[in-house]
Amino acid sequence: MEIPYTVEPRPDTGLYNAKVGIWLFLASEVMLFGALFSSYIMLRVGSLSWPHGLLNVPIGTVNTVVLITSSITVVLAWASLKLHNFSRFKLYQGCTILLAMTFVMIKSYEYHDKFTHYYVRMVDGTEHTGHVEGSPMNLSLAKLTNPKHPVTSITFHADAPAAEHGATAHAAHGEAMVIETSKISKLESFGPWHSTYLAIYFTLTGLHALHVIGGALVMAFFWGPGSKMWKSEPERFTNRVEVSGLFWHFVDLVWIFLFPVLYLL
Amino acid sequence: MDNHDAQHIRDATRKYIYVFVALLLGTIITVLASYVPWGNRTVNIGVALFIASIKAFLVAGYFMHLISEKKMIYGILAATGFFFAGLMALILWSNADHVSNIFN
């Protein structure tokens with residue numbers, strides 16, 4: 001059975017079906033992210049204090065540029081197909097996939113940085129933030145006091161008092177101090193459990209990163225095995241690339257709001 | 001594809017480059033503006049969201065071709081905008097907590 005209106009527009013809508021489909025899907029996506037953005041507003045308005053400078057702004061800016069650049073390469077890939085230049089399409093689509101991978105790698109680095117950054121509260125009530133020597137991920141007091149592998153002390157590099165966490169904070173780390181495990185009352189990494197801000201940060205950016213990965217997989221398919229369709233049905237293939245591009249632009253659009261909301265404000 | 005269509009795509013491609021440059025500039029301005037001490041954090045939030053809205057308009061309008069789409073798409077977007085606005089209005093309404101204010 002042949003799928004109708006994959007190339008020619010449907011008389012009542014004036015559009016090929018996949019285009020209507022992707023816009024309906026994007027409408028549902030707006031509501032999904034809208035719900036999370038409204039959660040962010042509620043949490044922020046209801047909190048007594050909201051952290052600033054917890055994320056690395058230069059890295060976030062670079063990732064924004066990466067995503068914006070991928071947005072133009074994806075539209076140029078589609079324009080190349082419209083001009084019947086398949087080799088140029090392969091080039092731009094390949095660039096888009098590489099940029100998507102770069103975005104995810106940078107995001108992973110940021111996540112890793114958070115899971116190796118620690119908050120320590122001592123028994124006497126003093127508090128420290130910084131890094132544990134050896135950069136272990138997601139350490140906890142329960143792990144340190146595990147009877148099978150008890151750890152008596154950790155070497156801790158505290159953040160400089162005035163330093164914001166980020167590129168400067170690493171350089172601003174003070175001298176190493178040895179902390180005995182028995183003197184620690186709380187130890188946790190800057191994961192989503194650490195604060196309301198980090199909970200909504202990981203939720204929003206995690207969902208967004210999943211969209212980036214999903215979009216990249218679809219575009220990789222059109223770059224590789226899916227591109228065979230260009231020989232048999234070039235117009236249908238061009239429409240498929242346009243639809244995947246619309247999704248990609250939406251992912252970019254969401255990041256345009258996530259970046260200032262989470263990194264700058 | 002006739003020559004007219006090809007020329008149309010080439011003209012559009014030039015626009016995409018301009019939009020790309022505008023988006024990069026917008027990103028730089030957003031970062032710089034966030035460091036300006038406006039005196040009130042609400043102003044910082046307003047400025048950043050205003051610039052983000054312009055960038056979003058450029059992406060949606062030109063990269064997603066919304067400035068020259070069919071009525072059907074505008075209809076879908078209008079419905080989405082209505083429900084999105086409703087969602088945000090409910091949040092603001094909830095935050096204002098009118099019911100508690102009546103009894104206080």
# chains A, B, ... in the order shown; residues from 1 in each chain; ligands from 1
>>> closest_atom_pairs(of="chain B", to="chain A", cutoff="9 Å", atoms="only C-alpha atoms", output="tab-separated table")
residue	atom	partner	partner_atom	distance
B:Met1	CA	A:Leu83	CA	7.9
B:Asp5	CA	A:Leu83	CA	8.8
B:Ala6	CA	A:Leu83	CA	6.2
B:Ile9	CA	A:Ala79	CA	6.5
B:Arg10	CA	A:Ala79	CA	8.1
B:Ala12	CA	A:Ala79	CA	8.6
B:Thr13	CA	A:Leu76	CA	7.0
B:Tyr16	CA	A:Ile72	CA	6.8
B:Ile17	CA	A:Ile72	CA	7.5
B:Val19	CA	A:Ile72	CA	8.7
B:Phe20	CA	A:Ile72	CA	6.5
B:Leu23	CA	A:Ile68	CA	7.2
B:Leu24	CA	A:Val65	CA	6.7
B:Thr27	CA	A:Thr61	CA	7.5
B:Ile28	CA	A:Thr61	CA	8.1
B:Thr30	CA	A:Pro260	CA	7.4
B:Val31	CA	A:Leu264	CA	7.1
B:Ser34	CA	A:Leu264	CA	6.1
B:Tyr35	CA	A:Leu264	CA	8.4
B:Arg41	CA	A:Leu265	CA	7.9
B:Asn44	CA	A:Leu265	CA	7.1
B:Ile45	CA	A:Leu265	CA	6.2
B:Ala48	CA	A:Pro260	CA	6.4
B:Leu49	CA	A:Phe257	CA	7.3
B:Ala52	CA	A:Ile256	CA	6.0
B:Ser53	CA	A:Phe257	CA	8.0
B:Lys55	CA	A:Ile256	CA	7.2
B:Ala56	CA	A:Leu253	CA	5.7
B:Val59	CA	A:His249	CA	6.9
B:Ala60	CA	A:His249	CA	7.5
B:Phe63	CA	A:Val75	CA	6.5
B:Met64	CA	A:Leu246	CA	5.9
B:Lys70	CA	A:Gly14	CA	6.9
B:Lys71	CA	A:Thr13	CA	8.0
B:Met72	CA	A:Thr13	CA	6.0
B:Ile73	CA	A:Trp23	CA	6.9
B:Ile76	CA	A:Leu24	CA	6.8
B:Leu77	CA	A:Ala27	CA	6.9
B:Ala79	CA	A:Ala27	CA	8.5
B:Thr80	CA	A:Ala27	CA	5.7
B:Gly81	CA	A:Ala27	CA	8.8
B:Phe83	CA	A:Met31	CA	7.8
B:Phe84	CA	A:Met31	CA	6.4
B:Leu87	CA	A:Ala35	CA	7.4
B:Met88	CA	A:Ser38	CA	6.3
B:Ile91	CA	A:Ser38	CA	6.6
B:Leu92	CA	A:Met42	CA	8.5
B:Ser94	CA	A:Met42	CA	8.9
B:Asn95	CA	A:Met42	CA	7.4
>>> write_last_selection(atoms="C-alpha atoms", output="mmCIF file, in the first residue's frame")
data_model
loop_
_atom_site.group_PDB
_atom_site.id
_atom_site.type_symbol
_atom_site.label_atom_id
_atom_site.label_comp_id
_atom_site.auth_asym_id
_atom_site.auth_seq_id
_atom_site.Cartn_x
_atom_site.Cartn_y
_atom_site.Cartn_z
ATOM 1 C CA MET B 1 13.409 22.587 -10.611
ATOM 2 C CA ASP B 5 13.036 28.070 -7.871
ATOM 3 C CA ALA B 6 16.822 27.615 -7.739
ATOM 4 C CA ILE B 9 16.632 28.806 -2.683
ATOM 5 C CA ARG B 10 19.902 30.709 -3.208
ATOM 6 C CA ALA B 12 16.922 32.053 1.064
ATOM 7 C CA THR B 13 20.381 30.606 1.772
ATOM 8 C CA TYR B 16 20.018 31.904 6.558
ATOM 9 C CA ILE B 17 23.602 33.175 6.807
ATOM 10 C CA VAL B 19 20.137 34.912 10.604
ATOM 11 C CA PHE B 20 23.059 32.756 11.751
ATOM 12 C CA LEU B 23 21.953 34.526 16.408
ATOM 13 C CA LEU B 24 25.665 34.551 17.250
ATOM 14 C CA THR B 27 24.196 35.056 22.148
ATOM 15 C CA ILE B 28 27.139 37.377 22.836
ATOM 16 C CA THR B 30 22.818 37.938 26.108
ATOM 17 C CA VAL B 31 25.991 36.910 27.954
ATOM 18 C CA SER B 34 23.760 39.347 32.115
ATOM 19 C CA TYR B 35 26.862 40.928 33.696
ATOM 20 C CA ARG B 41 17.609 41.202 38.914
ATOM 21 C CA ASN B 44 18.341 41.242 33.974
ATOM 22 C CA ILE B 45 15.761 38.472 33.572
ATOM 23 C CA ALA B 48 17.773 38.088 28.724
ATOM 24 C CA LEU B 49 14.304 36.756 27.918
ATOM 25 C CA ALA B 52 16.026 35.038 23.717
ATOM 26 C CA SER B 53 12.579 35.800 22.253
ATOM 27 C CA LYS B 55 16.497 34.732 18.701
ATOM 28 C CA ALA B 56 13.563 32.309 18.921
ATOM 29 C CA VAL B 59 14.951 30.510 14.282
ATOM 30 C CA ALA B 60 11.206 29.844 13.987
ATOM 31 C CA PHE B 63 15.025 28.397 9.695
ATOM 32 C CA MET B 64 11.587 26.829 10.253
ATOM 33 C CA LYS B 70 0.332 27.541 5.258
ATOM 34 C CA LYS B 71 -2.712 28.453 7.372
ATOM 35 C CA MET B 72 -2.903 24.950 8.814
ATOM 36 C CA ILE B 73 0.466 25.378 10.576
ATOM 37 C CA ILE B 76 -1.733 24.460 15.100
ATOM 38 C CA LEU B 77 0.592 27.118 16.522
ATOM 39 C CA ALA B 79 -3.820 26.430 19.566
ATOM 40 C CA THR B 80 -0.413 25.655 21.110
ATOM 41 C CA GLY B 81 0.085 29.301 22.040
ATOM 42 C CA PHE B 83 -2.668 26.339 25.862
ATOM 43 C CA PHE B 84 0.909 27.438 26.635
ATOM 44 C CA LEU B 87 -0.348 26.967 31.497
ATOM 45 C CA MET B 88 1.752 30.008 32.392
ATOM 46 C CA ILE B 91 1.244 29.260 37.368
ATOM 47 C CA LEU B 92 1.044 33.019 37.934
ATOM 48 C CA SER B 94 -1.355 29.956 41.687
ATOM 49 C CA ASN B 95 1.613 32.026 42.787
#
>>> select_by_dssp(residues="segment 114-171 of chain A", states="strand (DSSP E or B)", output="PyMOL selection string")
chain A and resi 117-122+127-132+153-158
>>> atom_distance(atom1="atom CA of Lys107 of chain A", atom2="atom CA of Leu91 of chain A")
24.4 Å
>>> atom_distance(atom1="atom CA of Ala176 of chain A", atom2="atom CA of His157 of chain A")
4.7 Å
>>> residues_around(residues="segment 141-144 of chain A", least_positions_apart="6", cutoff="7 Å", atoms="only C-alpha atoms", output="PyMOL selection string")
chain A and resi 150-151+186-187
>>> select_by_dssp(residues="segment 23-205 of chain A", states="helix (DSSP H, G or I)", output="compact mmCIF listing (two decimals) with N, CA and C atoms, in the first residue's frame")
# COMPACT_ATOMS: atom_id res chain seq x y z
N TRP A 23 4.56 19.12 12.93
CA TRP A 23 4.12 20.33 13.65
C TRP A 23 3.19 19.98 14.81
N LEU A 24 2.37 18.95 14.62
CA LEU A 24 1.52 18.49 15.74
C LEU A 24 2.40 17.93 16.86
N PHE A 25 3.43 17.20 16.46
CA PHE A 25 4.36 16.64 17.45
C PHE A 25 5.08 17.78 18.18
N LEU A 26 5.53 18.77 17.44
CA LEU A 26 6.23 19.91 18.07
C LEU A 26 5.30 20.67 19.01
N ALA A 27 4.01 20.72 18.65
CA ALA A 27 3.04 21.37 19.54
C ALA A 27 3.00 20.65 20.89
N SER A 28 3.03 19.30 20.85
CA SER A 28 3.03 18.53 22.11
C SER A 28 4.34 18.74 22.86
N GLU A 29 5.42 18.91 22.11
CA GLU A 29 6.73 19.16 22.73
C GLU A 29 6.76 20.52 23.44
N VAL A 30 6.09 21.50 22.85
CA VAL A 30 6.02 22.83 23.48
C VAL A 30 5.35 22.70 24.85
N MET A 31 4.30 21.88 24.90
CA MET A 31 3.60 21.70 26.18
C MET A 31 4.45 20.92 27.18
N LEU A 32 5.22 19.95 26.68
CA LEU A 32 6.11 19.17 27.57
C LEU A 32 7.16 20.08 28.21
N PHE A 33 7.87 20.82 27.38
CA PHE A 33 8.88 21.73 27.93
C PHE A 33 8.23 22.88 28.68
N GLY A 34 7.04 23.29 28.22
CA GLY A 34 6.31 24.36 28.91
C GLY A 34 6.00 23.96 30.34
N ALA A 35 5.60 22.70 30.53
CA ALA A 35 5.30 22.20 31.89
C ALA A 35 6.55 22.28 32.76
N LEU A 36 7.70 21.92 32.18
CA LEU A 36 8.94 21.95 32.96
C LEU A 36 9.40 23.38 33.23
N PHE A 37 9.21 24.26 32.24
CA PHE A 37 9.56 25.67 32.46
C PHE A 37 8.66 26.28 33.54
N SER A 38 7.39 25.92 33.52
CA SER A 38 6.49 26.46 34.55
C SER A 38 6.88 25.90 35.92
N SER A 39 7.36 24.65 35.96
CA SER A 39 7.87 24.08 37.22
C SER A 39 9.06 24.88 37.71
N TYR A 40 9.92 25.23 36.77
CA TYR A 40 11.10 26.04 37.10
C TYR A 40 10.67 27.37 37.74
N ILE A 41 9.66 28.01 37.13
CA ILE A 41 9.18 29.30 37.65
C ILE A 41 8.65 29.12 39.07
N MET A 42 7.83 28.08 39.25
CA MET A 42 7.26 27.82 40.58
C MET A 42 8.34 27.59 41.62
N LEU A 43 9.32 26.77 41.26
CA LEU A 43 10.39 26.45 42.21
C LEU A 43 11.23 27.68 42.52
N ARG A 44 11.50 28.47 41.49
CA ARG A 44 12.35 29.64 41.70
C ARG A 44 11.63 30.71 42.52
N VAL A 45 10.38 30.98 42.17
CA VAL A 45 9.61 32.00 42.89
C VAL A 45 9.40 31.58 44.35
N GLY A 46 9.24 30.28 44.55
CA GLY A 46 8.96 29.79 45.91
C GLY A 46 10.18 29.59 46.77
N VAL A 57 29.81 29.55 32.61
CA VAL A 57 29.20 30.34 31.53
C VAL A 57 29.96 30.20 30.20
N PRO A 58 31.32 30.27 30.18
CA PRO A 58 32.01 30.12 28.88
C PRO A 58 31.69 28.78 28.20
N ILE A 59 31.63 27.72 28.98
CA ILE A 59 31.31 26.41 28.38
C ILE A 59 29.88 26.40 27.86
N GLY A 60 28.97 26.97 28.62
CA GLY A 60 27.57 27.06 28.17
C GLY A 60 27.45 27.89 26.91
N THR A 61 28.24 28.97 26.82
CA THR A 61 28.21 29.83 25.63
C THR A 61 28.72 29.07 24.41
N VAL A 62 29.81 28.33 24.61
CA VAL A 62 30.37 27.53 23.50
C VAL A 62 29.33 26.52 23.01
N ASN A 63 28.64 25.88 23.96
CA ASN A 63 27.62 24.90 23.56
C ASN A 63 26.46 25.56 22.82
N THR A 64 26.13 26.79 23.21
CA THR A 64 25.07 27.52 22.50
C THR A 64 25.50 27.78 21.06
N VAL A 65 26.75 28.21 20.89
CA VAL A 65 27.27 28.47 19.54
C VAL A 65 27.28 27.18 18.71
N VAL A 66 27.65 26.07 19.36
CA VAL A 66 27.67 24.77 18.67
C VAL A 66 26.26 24.43 18.15
N LEU A 67 25.26 24.63 18.99
CA LEU A 67 23.89 24.28 18.60
C LEU A 67 23.35 25.22 17.52
N ILE A 68 23.68 26.51 17.64
CA ILE A 68 23.24 27.47 16.62
C ILE A 68 23.89 27.13 15.27
N THR A 69 25.18 26.77 15.32
CA THR A 69 25.89 26.41 14.08
C THR A 69 25.25 25.16 13.45
N SER A 70 24.85 24.21 14.30
CA SER A 70 24.21 23.00 13.76
C SER A 70 22.86 23.33 13.13
N SER A 71 22.22 24.39 13.63
CA SER A 71 20.93 24.78 13.07
C SER A 71 21.08 25.31 11.65
N ILE A 72 22.19 26.02 11.40
CA ILE A 72 22.35 26.51 10.01
C ILE A 72 22.83 25.39 9.09
N THR A 73 23.66 24.48 9.60
CA THR A 73 24.12 23.39 8.71
C THR A 73 22.94 22.48 8.32
N VAL A 74 21.98 22.32 9.23
CA VAL A 74 20.84 21.45 8.91
C VAL A 74 19.94 22.10 7.85
N VAL A 75 19.79 23.41 7.92
CA VAL A 75 18.95 24.08 6.91
C VAL A 75 19.70 24.17 5.57
N LEU A 76 21.03 24.27 5.63
CA LEU A 76 21.82 24.28 4.38
C LEU A 76 21.82 22.89 3.73
N ALA A 77 21.75 21.85 4.56
CA ALA A 77 21.67 20.48 4.02
C ALA A 77 20.38 20.32 3.21
N TRP A 78 19.28 20.84 3.78
CA TRP A 78 18.00 20.76 3.07
C TRP A 78 18.03 21.60 1.79
N ALA A 79 18.60 22.81 1.89
CA ALA A 79 18.70 23.68 0.70
C ALA A 79 19.54 23.02 -0.39
N SER A 80 20.57 22.27 0.00
CA SER A 80 21.42 21.58 -0.98
C SER A 80 20.61 20.54 -1.75
N LEU A 81 19.74 19.83 -1.03
CA LEU A 81 18.88 18.84 -1.72
C LEU A 81 17.93 19.54 -2.68
N LYS A 82 17.41 20.69 -2.27
CA LYS A 82 16.51 21.45 -3.14
C LYS A 82 17.22 21.86 -4.42
N PHE A 86 23.67 16.63 -4.02
CA PHE A 86 23.66 15.59 -2.98
C PHE A 86 24.97 15.56 -2.18
N SER A 87 26.10 15.76 -2.84
CA SER A 87 27.38 15.72 -2.12
C SER A 87 27.45 16.85 -1.08
N ARG A 88 26.90 18.02 -1.44
CA ARG A 88 26.88 19.15 -0.49
C ARG A 88 25.95 18.82 0.70
N PHE A 89 24.85 18.12 0.39
CA PHE A 89 23.94 17.68 1.47
C PHE A 89 24.69 16.79 2.45
N LYS A 90 25.45 15.83 1.91
CA LYS A 90 26.20 14.91 2.78
C LYS A 90 27.17 15.68 3.68
N LEU A 91 27.79 16.70 3.11
CA LEU A 91 28.76 17.50 3.87
C LEU A 91 28.07 18.22 5.03
N TYR A 92 26.98 18.94 4.72
CA TYR A 92 26.29 19.72 5.77
C TYR A 92 25.63 18.80 6.80
N GLN A 93 25.03 17.71 6.32
CA GLN A 93 24.38 16.80 7.26
C GLN A 93 25.43 16.15 8.17
N GLY A 94 26.58 15.81 7.61
CA GLY A 94 27.68 15.25 8.41
C GLY A 94 28.15 16.24 9.46
N CYS A 95 28.26 17.52 9.06
CA CYS A 95 28.66 18.57 10.02
C CYS A 95 27.65 18.66 11.16
N THR A 96 26.36 18.59 10.81
CA THR A 96 25.31 18.68 11.84
C THR A 96 25.46 17.56 12.86
N ILE A 97 25.70 16.35 12.37
CA ILE A 97 25.84 15.19 13.27
C ILE A 97 27.07 15.38 14.18
N LEU A 98 28.17 15.86 13.60
CA LEU A 98 29.38 16.09 14.40
C LEU A 98 29.14 17.16 15.46
N LEU A 99 28.41 18.21 15.08
CA LEU A 99 28.11 19.28 16.04
C LEU A 99 27.20 18.77 17.15
N ALA A 100 26.25 17.92 16.78
CA ALA A 100 25.36 17.33 17.80
C ALA A 100 26.18 16.51 18.79
N MET A 101 27.13 15.73 18.27
CA MET A 101 27.99 14.92 19.15
C MET A 101 28.86 15.81 20.04
N THR A 102 29.32 16.91 19.46
CA THR A 102 30.13 17.86 20.25
C THR A 102 29.30 18.42 21.40
N PHE A 103 28.05 18.78 21.10
CA PHE A 103 27.15 19.32 22.13
C PHE A 103 26.99 18.32 23.28
N VAL A 104 26.73 17.08 22.92
CA VAL A 104 26.51 16.04 23.95
C VAL A 104 27.79 15.80 24.76
N MET A 105 28.94 15.83 24.09
CA MET A 105 30.21 15.62 24.80
C MET A 105 30.47 16.75 25.80
N ILE A 106 30.21 17.98 25.36
CA ILE A 106 30.41 19.12 26.27
C ILE A 106 29.45 19.01 27.45
N LYS A 107 28.22 18.63 27.17
CA LYS A 107 27.21 18.47 28.24
C LYS A 107 27.66 17.38 29.21
N SER A 108 28.20 16.29 28.67
CA SER A 108 28.69 15.20 29.52
C SER A 108 29.81 15.69 30.42
N TYR A 109 30.70 16.50 29.87
CA TYR A 109 31.80 17.06 30.66
C TYR A 109 31.23 17.90 31.81
N GLU A 110 30.20 18.70 31.50
CA GLU A 110 29.58 19.53 32.55
C GLU A 110 28.94 18.66 33.63
N TYR A 111 28.25 17.61 33.21
CA TYR A 111 27.64 16.70 34.18
C TYR A 111 28.71 16.05 35.06
N HIS A 112 29.78 15.59 34.42
CA HIS A 112 30.88 14.95 35.16
C HIS A 112 31.45 15.91 36.19
N ASP A 113 31.58 17.17 35.79
CA ASP A 113 32.10 18.20 36.69
C ASP A 113 31.21 18.34 37.93
N LYS A 114 29.92 18.25 37.72
CA LYS A 114 28.98 18.38 38.86
C LYS A 114 29.05 17.15 39.77
N PHE A 115 29.19 15.98 39.17
CA PHE A 115 29.21 14.75 39.98
C PHE A 115 30.55 14.54 40.70
N LEU A 141 28.81 9.64 52.14
CA LEU A 141 29.28 9.22 53.47
C LEU A 141 29.04 7.72 53.66
N ALA A 142 27.93 7.23 53.09
CA ALA A 142 27.62 5.80 53.20
C ALA A 142 28.70 4.96 52.52
N LYS A 143 29.21 5.46 51.40
CA LYS A 143 30.26 4.72 50.70
C LYS A 143 31.57 4.75 51.50
N LEU A 144 31.85 5.91 52.11
CA LEU A 144 33.10 6.03 52.89
C LEU A 144 33.08 5.13 54.12
N ALA A 167 35.65 27.65 35.48
CA ALA A 167 37.05 27.62 35.09
C ALA A 167 37.93 28.29 36.13
N THR A 168 37.44 29.38 36.69
CA THR A 168 38.27 30.11 37.65
C THR A 168 38.34 29.37 38.98
N ALA A 169 37.26 28.65 39.31
CA ALA A 169 37.22 27.98 40.61
C ALA A 169 38.28 26.90 40.71
N HIS A 170 38.51 26.18 39.60
CA HIS A 170 39.53 25.14 39.63
C HIS A 170 40.89 25.75 39.96
N ALA A 171 41.18 26.88 39.33
CA ALA A 171 42.46 27.53 39.55
C ALA A 171 42.52 28.12 40.95
N THR A 181 37.03 10.93 58.07
CA THR A 181 35.64 10.53 57.79
C THR A 181 34.75 10.68 59.03
N SER A 182 35.30 10.40 60.19
CA SER A 182 34.52 10.47 61.43
C SER A 182 34.06 11.89 61.74
N LYS A 183 34.73 12.90 61.13
CA LYS A 183 34.35 14.29 61.39
C LYS A 183 33.37 14.85 60.35
N THR A 196 17.32 22.27 44.85
CA THR A 196 16.19 22.41 43.93
C THR A 196 16.68 22.88 42.56
N TYR A 197 17.62 23.84 42.60
CA TYR A 197 18.17 24.37 41.35
C TYR A 197 18.79 23.26 40.51
N LEU A 198 19.63 22.42 41.14
CA LEU A 198 20.30 21.36 40.38
C LEU A 198 19.30 20.28 39.94
N ALA A 199 18.24 20.09 40.72
CA ALA A 199 17.21 19.11 40.33
C ALA A 199 16.55 19.55 39.02
N ILE A 200 16.17 20.81 38.95
CA ILE A 200 15.49 21.29 37.72
C ILE A 200 16.50 21.46 36.59
N TYR A 201 17.76 21.78 36.93
CA TYR A 201 18.82 21.88 35.91
C TYR A 201 19.03 20.53 35.22
N PHE A 202 19.18 19.47 36.02
CA PHE A 202 19.41 18.15 35.43
C PHE A 202 18.17 17.65 34.69
N THR A 203 16.98 17.97 35.20
CA THR A 203 15.75 17.52 34.53
C THR A 203 15.62 18.18 33.16
N LEU A 204 15.77 19.52 33.14
CA LEU A 204 15.60 20.25 31.88
C LEU A 204 16.70 19.92 30.86
N THR A 205 17.95 19.98 31.31
CA THR A 205 19.04 19.73 30.36
C THR A 205 19.12 18.25 29.97
>>> residues_around(residues="Glu233 of chain A", least_positions_apart="6", cutoff="12 Å", atoms="only C-alpha atoms", output="number ranges by chain")
A: 6-7, 81, 226-227, 239-240
>>> write_last_selection(atoms="C-alpha atoms", output="tab-separated table (two decimals), in the first residue's frame")
chain	number	residue	atom	x	y	z
A	6	THR	CA	4.40	12.09	1.04
A	7	VAL	CA	5.37	14.50	-1.75
A	81	LEU	CA	18.88	18.84	-1.72
A	226	GLY	CA	18.36	6.33	4.64
A	227	SER	CA	19.98	8.41	1.90
A	239	ASN	CA	10.77	16.26	2.62
A	240	ARG	CA	12.05	13.76	5.18
>>> atom_distance(atom1="atom CA of Leu90 of chain B", atom2="atom CA of Leu207 of chain A")
23.3 Å
>>> decode(residues="segment 44-57 of chain B", atoms="C-alpha atoms", output="PDB file, in the first residue's frame")
ATOM      1  CA  ASN B  44      18.341  41.242  33.974  1.00  0.00           C
ATOM      2  CA  ILE B  45      15.761  38.472  33.572  1.00  0.00           C
ATOM      3  CA  GLY B  46      13.594  40.688  31.339  1.00  0.00           C
ATOM      4  CA  VAL B  47      16.527  41.684  29.094  1.00  0.00           C
ATOM      5  CA  ALA B  48      17.773  38.088  28.724  1.00  0.00           C
ATOM      6  CA  LEU B  49      14.304  36.756  27.918  1.00  0.00           C
ATOM      7  CA  PHE B  50      13.674  39.604  25.454  1.00  0.00           C
ATOM      8  CA  ILE B  51      16.864  38.765  23.533  1.00  0.00           C
ATOM      9  CA  ALA B  52      16.026  35.038  23.717  1.00  0.00           C
ATOM     10  CA  SER B  53      12.579  35.800  22.253  1.00  0.00           C
ATOM     11  CA  ILE B  54      14.146  37.669  19.306  1.00  0.00           C
ATOM     12  CA  LYS B  55      16.497  34.732  18.701  1.00  0.00           C
ATOM     13  CA  ALA B  56      13.563  32.309  18.921  1.00  0.00           C
ATOM     14  CA  PHE B  57      11.635  34.425  16.382  1.00  0.00           C
TER      15      PHE B  57
END
